[in-house]
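Asks: This is my_file_36.csv (CSV, C-alpha atoms).
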chain,number,residue,atom,x,y,z
A,1,MET,CA,-10.3,0.6,16.8
A,2,ILE,CA,-7.1,-1.0,18.2
A,3,ARG,CA,-7.2,-3.1,21.4
A,4,ILE,CA,-3.9,-4.0,23.2
A,5,GLY,CA,-3.8,-7.2,25.2
A,6,ASP,CA,-2.5,-7.4,28.8
A,7,ASP,CA,0.8,-9.1,28.0
A,8,ALA,CA,1.6,-7.0,25.0
A,9,TRP,CA,0.8,-3.8,26.9
A,10,GLN,CA,3.0,-4.7,29.8
A,11,VAL,CA,5.9,-5.3,27.4
A,12,MET,CA,5.3,-1.9,25.8
A,13,VAL,CA,5.2,0.0,29.1
A,14,ASP,CA,8.2,-1.9,30.5
A,15,HIS,CA,10.2,-1.1,27.4
A,16,ALA,CA,9.1,2.6,27.3
A,17,GLU,CA,10.1,3.1,31.0
A,18,ALA,CA,13.4,1.1,30.6
A,19,VAL,CA,14.8,3.2,27.8
A,20,PHE,CA,13.6,6.6,29.3
A,21,PRO,CA,14.8,9.3,28.8
A,22,ASN,CA,15.2,8.1,25.3
A,23,GLU,CA,12.4,7.2,22.9
A,24,CYS,CA,11.6,3.5,22.7
A,25,CYS,CA,10.1,1.8,19.6
A,26,GLY,CA,8.8,-1.5,18.6
A,27,ALA,CA,6.3,-3.6,16.6
A,28,MET,CA,2.8,-4.8,17.5
A,29,LEU,CA,1.7,-8.1,16.3
A,30,GLY,CA,-1.9,-9.4,16.3
A,31,SER,CA,-4.9,-9.9,14.2
A,32,SER,CA,-7.8,-7.9,12.7
A,33,ASP,CA,-11.4,-8.7,11.9
A,34,GLY,CA,-11.6,-5.6,9.6
A,35,GLU,CA,-13.1,-3.4,12.3
A,36,THR,CA,-11.0,-4.1,15.4
A,37,LYS,CA,-7.3,-4.8,15.5
A,38,ILE,CA,-6.2,-6.9,18.5
A,39,VAL,CA,-2.5,-6.7,19.6
A,40,THR,CA,-1.4,-9.8,21.4
A,41,VAL,CA,2.4,-9.6,21.1
A,42,ALA,CA,4.7,-6.5,21.4
A,43,LEU,CA,8.2,-6.8,20.2
A,44,PRO,CA,10.6,-4.1,21.5
A,45,LEU,CA,13.0,-3.1,18.7
A,46,GLU,CA,16.2,-1.1,18.8
A,47,ASN,CA,16.1,2.6,18.3
A,48,VAL,CA,18.9,3.1,15.7
A,49,HIS,CA,18.6,6.8,15.3
A,50,ALA,CA,22.2,8.0,15.1
A,51,GLY,CA,21.6,11.3,16.9
A,52,GLN,CA,19.7,12.4,20.0
A,53,GLN,CA,17.5,9.5,20.9
A,54,ALA,CA,15.6,11.5,23.5
A,55,THR,CA,13.8,13.2,20.7
A,56,ARG,CA,14.0,10.8,17.8
A,57,TYR,CA,13.6,7.2,16.9
A,58,GLU,CA,14.3,5.2,13.8
A,59,LEU,CA,13.6,1.5,13.1
A,60,ARG,CA,16.0,-0.6,11.2
A,61,PRO,CA,14.1,-2.0,8.1
A,62,GLU,CA,15.7,-5.4,8.7
A,63,ASP,CA,14.2,-5.4,12.1
A,64,LEU,CA,10.8,-4.8,10.6
A,65,LEU,CA,11.4,-7.6,8.3
A,66,LYS,CA,12.2,-9.9,11.3
A,67,ALA,CA,9.1,-8.6,13.0
A,68,GLU,CA,7.0,-9.6,10.0
A,69,LYS,CA,8.6,-13.1,10.0
A,70,ALA,CA,8.0,-13.4,13.7
A,71,ALA,CA,4.3,-12.5,13.2
A,72,ARG,CA,4.0,-15.0,10.4
A,73,ALA,CA,5.6,-17.8,12.6
A,74,ARG,CA,2.9,-17.1,15.2
A,75,GLY,CA,0.0,-17.0,12.7
A,76,LEU,CA,-0.3,-13.2,13.4
A,77,ASP,CA,0.2,-10.1,11.4
A,78,LEU,CA,2.4,-7.0,11.9
A,79,ILE,CA,-0.3,-4.5,12.6
A,80,GLY,CA,1.3,-1.6,14.3
A,81,ILE,CA,4.3,0.4,15.5
A,82,PHE,CA,4.8,1.9,18.9
A,83,HIS,CA,7.1,4.5,20.2
A,84,SER,CA,7.4,6.8,23.2
A,85,HIS,CA,7.6,10.6,23.8
A,86,PRO,CA,9.7,11.0,27.0
A,87,ASP,CA,8.5,13.9,29.1
A,88,HIS,CA,6.0,14.9,26.4
A,89,ASP,CA,2.4,14.1,25.6
A,90,ALA,CA,1.3,11.4,23.2
A,91,TYR,CA,0.7,13.4,20.0
A,92,PHE,CA,1.6,12.6,16.5
A,93,SER,CA,4.4,15.1,15.7
A,94,GLU,CA,5.4,16.6,12.4
A,95,THR,CA,8.5,14.3,12.5
A,96,ASP,CA,6.3,11.3,13.3
A,97,LEU,CA,4.1,12.2,10.3
A,98,LYS,CA,6.8,12.8,7.8
A,99,ASN,CA,8.5,9.5,8.6
A,100,SER,CA,5.3,7.4,8.9
A,101,CYS,CA,3.8,4.6,6.8
A,102,PRO,CA,0.1,4.4,6.2
A,103,TRP,CA,0.0,0.6,6.4
A,104,TYR,CA,0.1,0.5,10.2
A,105,SER,CA,-1.4,1.9,13.4
A,106,PHE,CA,1.0,4.1,15.3
A,107,VAL,CA,0.7,4.0,19.1
A,108,VAL,CA,2.5,6.9,20.9
A,109,MET,CA,3.2,6.5,24.6
A,110,SER,CA,3.8,9.5,26.9
A,111,VAL,CA,6.4,8.7,29.6
A,112,LYS,CA,6.9,11.4,32.2
A,113,ALA,CA,9.7,11.3,34.9
A,114,GLY,CA,10.3,7.7,33.8
A,115,ARG,CA,6.8,6.5,34.4
A,116,TYR,CA,4.1,5.7,31.7
A,117,ASN,CA,1.5,8.4,31.6
A,118,HIS,CA,-0.9,8.0,28.7
A,119,ALA,CA,-1.1,6.8,25.1
A,120,LYS,CA,-2.9,7.4,21.8
A,121,SER,CA,-3.1,5.7,18.5
A,122,PHE,CA,-2.9,7.3,15.1
A,123,LEU,CA,-3.5,6.3,11.4
A,124,PRO,CA,-1.3,8.3,9.1
A,125,ASN,CA,-2.5,8.8,5.5
A,126,MET,CA,-0.7,7.9,2.3
A,127,GLU,CA,0.6,11.4,1.6
A,128,GLN,CA,2.0,11.8,5.2
A,129,THR,CA,-0.1,15.0,5.6
A,130,GLU,CA,-2.4,14.0,8.4
A,131,ALA,CA,-2.9,11.2,11.0
A,132,PRO,CA,-6.3,11.0,12.5
A,133,GLU,CA,-6.6,9.5,16.0
A,134,GLU,CA,-7.7,5.9,16.2
A,135,ALA,CA,-9.7,4.6,19.2
A,136,LEU,CA,-7.3,2.8,21.5
A,137,GLU,CA,-8.4,0.3,24.1
A,138,LEU,CA,-5.9,-0.6,26.8
A,139,PRO,CA,-6.1,-3.2,29.5
A,140,ALA,CA,-8.3,-2.2,32.4
A,141,THR,CA,-5.4,-2.6,34.8
A,142,ASN,CA,-3.0,-0.4,32.8
A,143,ARG,CA,-0.9,1.8,34.9
A,144,SER,CA,-1.4,5.5,34.4
A,145,ALA,CA,-0.7,8.7,36.2
B,1,MET,CA,11.1,-16.4,-11.7
B,2,PRO,CA,12.0,-13.9,-9.1
B,3,LYS,CA,9.8,-13.9,-6.0
B,4,VAL,CA,8.3,-10.7,-4.5
B,5,MET,CA,7.5,-10.8,-0.8
B,6,ILE,CA,4.4,-8.8,0.1
B,7,PRO,CA,4.0,-7.1,3.5
B,8,THR,CA,0.9,-8.0,5.5
B,9,PRO,CA,-1.1,-4.8,5.0
B,10,LEU,CA,-0.7,-5.0,1.2
B,11,ARG,CA,-1.9,-8.6,0.8
B,12,GLN,CA,-5.4,-7.4,0.5
B,13,TYR,CA,-4.4,-6.1,-2.9
B,14,THR,CA,-2.6,-9.4,-4.0
B,15,ASP,CA,-5.5,-11.8,-3.5
B,16,LYS,CA,-4.1,-12.4,0.0
B,17,LYS,CA,-0.8,-13.9,-1.3
B,18,ASP,CA,2.2,-13.3,0.8
B,19,SER,CA,4.5,-13.8,-2.2
B,20,VAL,CA,4.1,-13.5,-5.9
B,21,GLU,CA,6.4,-14.7,-8.7
B,22,VAL,CA,6.9,-12.0,-11.2
B,23,ALA,CA,8.9,-12.1,-14.5
B,24,GLY,CA,11.6,-9.4,-15.0
B,25,ALA,CA,15.3,-8.7,-15.1
B,26,THR,CA,15.4,-5.5,-13.0
B,27,VAL,CA,13.6,-4.2,-9.9
B,28,GLY,CA,11.8,-1.6,-12.1
B,29,GLU,CA,10.5,-4.2,-14.5
B,30,ILE,CA,9.4,-6.5,-11.7
B,31,LEU,CA,7.6,-3.8,-9.7
B,32,GLY,CA,6.1,-2.5,-13.0
B,33,THR,CA,4.6,-5.9,-13.8
B,34,LEU,CA,3.5,-6.5,-10.2
B,35,THR,CA,1.6,-3.2,-10.1
B,36,THR,CA,0.0,-3.9,-13.5
B,37,THR,CA,-1.1,-7.3,-12.3
B,38,TYR,CA,-2.4,-5.8,-9.0
B,39,PRO,CA,-3.3,-2.2,-9.8
B,40,ASP,CA,-4.4,-1.3,-6.2
B,41,LEU,CA,-0.8,-1.9,-5.1
B,42,LYS,CA,0.4,1.0,-7.2
B,43,LYS,CA,-0.8,3.9,-5.1
B,44,ASN,CA,0.7,2.3,-2.0
B,45,LEU,CA,4.1,2.0,-3.6
B,46,TYR,CA,4.4,5.0,-6.0
B,47,ASN,CA,3.5,8.7,-5.7
B,48,ASP,CA,1.7,10.7,-8.4
B,49,GLU,CA,5.0,11.4,-10.0
B,50,GLY,CA,5.7,7.7,-10.4
B,51,LYS,CA,8.4,7.6,-7.8
B,52,LEU,CA,8.6,5.1,-5.0
B,53,ARG,CA,7.0,6.6,-1.9
B,54,SER,CA,9.5,7.7,0.8
B,55,PHE,CA,8.3,5.0,3.2
B,56,VAL,CA,8.9,2.2,0.8
B,57,ASN,CA,12.3,0.3,0.9
B,58,VAL,CA,13.0,-2.4,-1.6
B,59,TYR,CA,15.5,-5.2,-1.0
B,60,VAL,CA,16.9,-7.7,-3.4
B,61,ASN,CA,17.8,-10.6,-1.2
B,62,ASP,CA,19.4,-8.8,1.7
B,63,GLU,CA,20.6,-5.7,-0.1
B,64,ASP,CA,18.8,-2.4,-0.1
B,65,ILE,CA,18.4,-1.2,-3.8
B,66,ARG,CA,19.3,2.4,-2.8
B,67,TYR,CA,22.8,1.1,-2.3
B,68,LEU,CA,22.8,-0.9,-5.6
B,69,SER,CA,21.4,0.4,-8.8
B,70,LYS,CA,18.0,1.5,-7.5
B,71,ASP,CA,15.2,0.4,-10.0
B,72,LYS,CA,17.8,-0.7,-12.5
B,73,THR,CA,19.2,-3.3,-10.0
B,74,GLU,CA,19.4,-6.6,-11.7
B,75,VAL,CA,17.3,-9.5,-10.4
B,76,GLY,CA,18.1,-13.2,-11.1
B,77,ALA,CA,15.6,-16.0,-11.4
B,78,GLY,CA,16.2,-17.3,-7.9
B,79,ASP,CA,16.3,-13.9,-6.2
B,80,THR,CA,13.8,-12.5,-3.7
B,81,VAL,CA,12.5,-9.0,-3.9
B,82,THR,CA,11.2,-7.7,-0.5
B,83,ILE,CA,9.1,-4.6,0.1
B,84,VAL,CA,9.9,-3.2,3.6
B,85,PRO,CA,8.5,0.1,5.1
B,86,SER,CA,10.8,2.8,6.3
B,87,ILE,CA,9.6,4.1,9.7
B,88,ALA,CA,11.0,6.8,12.1
B,89,GLY,CA,9.8,9.7,14.1
B,90,GLY,CA,10.1,11.7,17.2
B,91,ARG,CA,8.5,14.5,19.2
Represent the structure of the file as structure tokens.

Replies:
Amino acid sequence: MIRIGDDAWQVMVDHAEAVFPNECCGAMLGSSDGETKIVTVALPLENVHAGQQATRYELRPEDLLKAEKAARARGLDLIGIFHSHPDHDAYFSETDLKNSCPWYSFVVMSVKAGRYNHAKSFLPNMEQTEAPEEALELPATNRSA
Amino acid sequence: MPKVMIPTPLRQYTDKKDSVEVAGATVGEILGTLTTTYPDLKKNLYNDEGKLRSFVNVYVNDEDIRYLSKDKTEVGAGDTVTIVPSIAGGR
């Protein structure tokens, strides 16, 4: 299970709404006790996809390296990646799967008409052939449609 | 000896070390020795055909080896080899 803390969640929602109608992306930092991952810090990162950013995102590897260093500096780990699907549901698409990495949780946020709508988390496998849904716990006060 | 930086999720396979010193003159030699020392790392980095998985990027200092000589990229004693995931997607 992955649980996202209030502050981190607010950063994620704000970022997803701010870059709408484009896809946002970022890193989730936190800790894990083996069963539950707890996200305490969200770092918005630049979508560097060279084409249509309304339907694609790409993270710069150097930014992931910086996120990893930022986590270490806070005594946290880089445990997940988030991105948004503007005006679409929060599913793990074929494109998401083929460009995923099994080392992290992937939170997908649906943003409709510029407002956060719902989110889901996925755990892609090593072969990039499937990504089962992971239980996602959001702050009780999270805004949703 | 060159130092290899291990991403957080893979430290469970390196006795929780965030970096490991590994002897070798090229990236291929270093990753070969690393995955021999820590066999559970291998399936995370290489596919069944022995090629680096598509989501694995390797840097020597600040340079991506895809733009150098790939696994034949030379590594000096004071260099740092970093494993960084490649992540993208879209609806």

Asks: One decimal, Å: what's the distance from atom CA of Ala131 of chain A over to atom CA of Ala16 of chain A, could you say?

Replies: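 Going from atom CA of Ala131 of chain A over to atom CA of Ala16 of chain A covers 22.0 Å.
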
Asks: Which one is closest to chain A: B:Asp15, B:Glu63, B:Glu21, B:Glu29? Count only C-alpha atoms.

Replies: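 With only C-alpha atoms as the atom set, the closest residue is B:Glu63.
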
Asks: Mind pulling up the distance from atom CA of Ile30 of chain B to atom CA of Asp71 of chain B?

Replies: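 Taking atom CA of Asp71 of chain B and atom CA of Ile30 of chain B, their separation equals 9.2 Å.
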
Asks: Between A:Ala71, A:Ala135, A:Leu59, A:Ala18, which has the minimum distance to chain B (counting only C-alpha atoms)?

Replies: A:Leu59

Asks: Measuring between all atoms listed in the file, which one of A:Ile81, A:Ala73, A:Met28, A:Ala113 shows the shortest distance to Ile87 of chain B?

Replies: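 Among the listed residues, the smallest separation from Ile87 of chain B belongs to A:Ile81.
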
Asks: Select residues of chain A: the criterion is any atom within 8 Å of an atom of chain B, counting only C-alpha atoms; output as number ranges by chain.

Replies: A: 23, 55-61, 64-65, 68, 77-79, 85, 88, 91-101, 103-104, 126

Asks: Mind writing the picked residues with C-alpha atoms as a PDB file, in the frame of the given file?

Replies:
ATOM      1  CA  GLU A  23      12.400   7.200  22.900  1.00  0.00           C
ATOM      2  CA  THR A  55      13.800  13.200  20.700  1.00  0.00           C
ATOM      3  CA  ARG A  56      14.000  10.800  17.800  1.00  0.00           C
ATOM      4  CA  TYR A  57      13.600   7.200  16.900  1.00  0.00           C
ATOM      5  CA  GLU A  58      14.300   5.200  13.800  1.00  0.00           C
ATOM      6  CA  LEU A  59      13.600   1.500  13.100  1.00  0.00           C
ATOM      7  CA  ARG A  60      16.000  -0.600  11.200  1.00  0.00           C
ATOM      8  CA  PRO A  61      14.100  -2.000   8.100  1.00  0.00           C
ATOM      9  CA  LEU A  64      10.800  -4.800  10.600  1.00  0.00           C
ATOM     10  CA  LEU A  65      11.400  -7.600   8.300  1.00  0.00           C
ATOM     11  CA  GLU A  68       7.000  -9.600  10.000  1.00  0.00           C
ATOM     12  CA  ASP A  77       0.200 -10.100  11.400  1.00  0.00           C
ATOM     13  CA  LEU A  78       2.400  -7.000  11.900  1.00  0.00           C
ATOM     14  CA  ILE A  79      -0.300  -4.500  12.600  1.00  0.00           C
ATOM     15  CA  HIS A  85       7.600  10.600  23.800  1.00  0.00           C
ATOM     16  CA  HIS A  88       6.000  14.900  26.400  1.00  0.00           C
ATOM     17  CA  TYR A  91       0.700  13.400  20.000  1.00  0.00           C
ATOM     18  CA  PHE A  92       1.600  12.600  16.500  1.00  0.00           C
ATOM     19  CA  SER A  93       4.400  15.100  15.700  1.00  0.00           C
ATOM     20  CA  GLU A  94       5.400  16.600  12.400  1.00  0.00           C
ATOM     21  CA  THR A  95       8.500  14.300  12.500  1.00  0.00           C
ATOM     22  CA  ASP A  96       6.300  11.300  13.300  1.00  0.00           C
ATOM     23  CA  LEU A  97       4.100  12.200  10.300  1.00  0.00           C
ATOM     24  CA  LYS A  98       6.800  12.800   7.800  1.00  0.00           C
ATOM     25  CA  ASN A  99       8.500   9.500   8.600  1.00  0.00           C
ATOM     26  CA  SER A 100       5.300   7.400   8.900  1.00  0.00           C
ATOM     27  CA  CYS A 101       3.800   4.600   6.800  1.00  0.00           C
ATOM     28  CA  TRP A 103       0.000   0.600   6.400  1.00  0.00           C
ATOM     29  CA  TYR A 104       0.100   0.500  10.200  1.00  0.00           C
ATOM     30  CA  MET A 126      -0.700   7.900   2.300  1.00  0.00           C
TER      31      MET A 126
END

Asks: Counting only C-alpha atoms, which residue out of B:Asn61, B:Ser69, B:Thr80, B:Thr14 sits closest to Thr35 of chain B?

Replies: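 Of B:Asn61, B:Ser69, B:Thr80, B:Thr14, the one nearest Thr35 of chain B, counting only C-alpha atoms, is B:Thr14.
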
Asks: Please measure the separation of atom CA of Val48 of chain A and atom CA of Val4 of chain B, giving the value in Å to one decimal.

Replies: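 Atom CA of Val48 of chain A sits 26.7 Å away from atom CA of Val4 of chain B.
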
Asks: Find, counting only C-alpha atoms, the residue in A:Lys69, A:His83, A:Lys37, A:Lys120 that gets nearest to Met12 of chain A.

Replies: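 The answer is A:His83, which sits nearest to Met12 of chain A.
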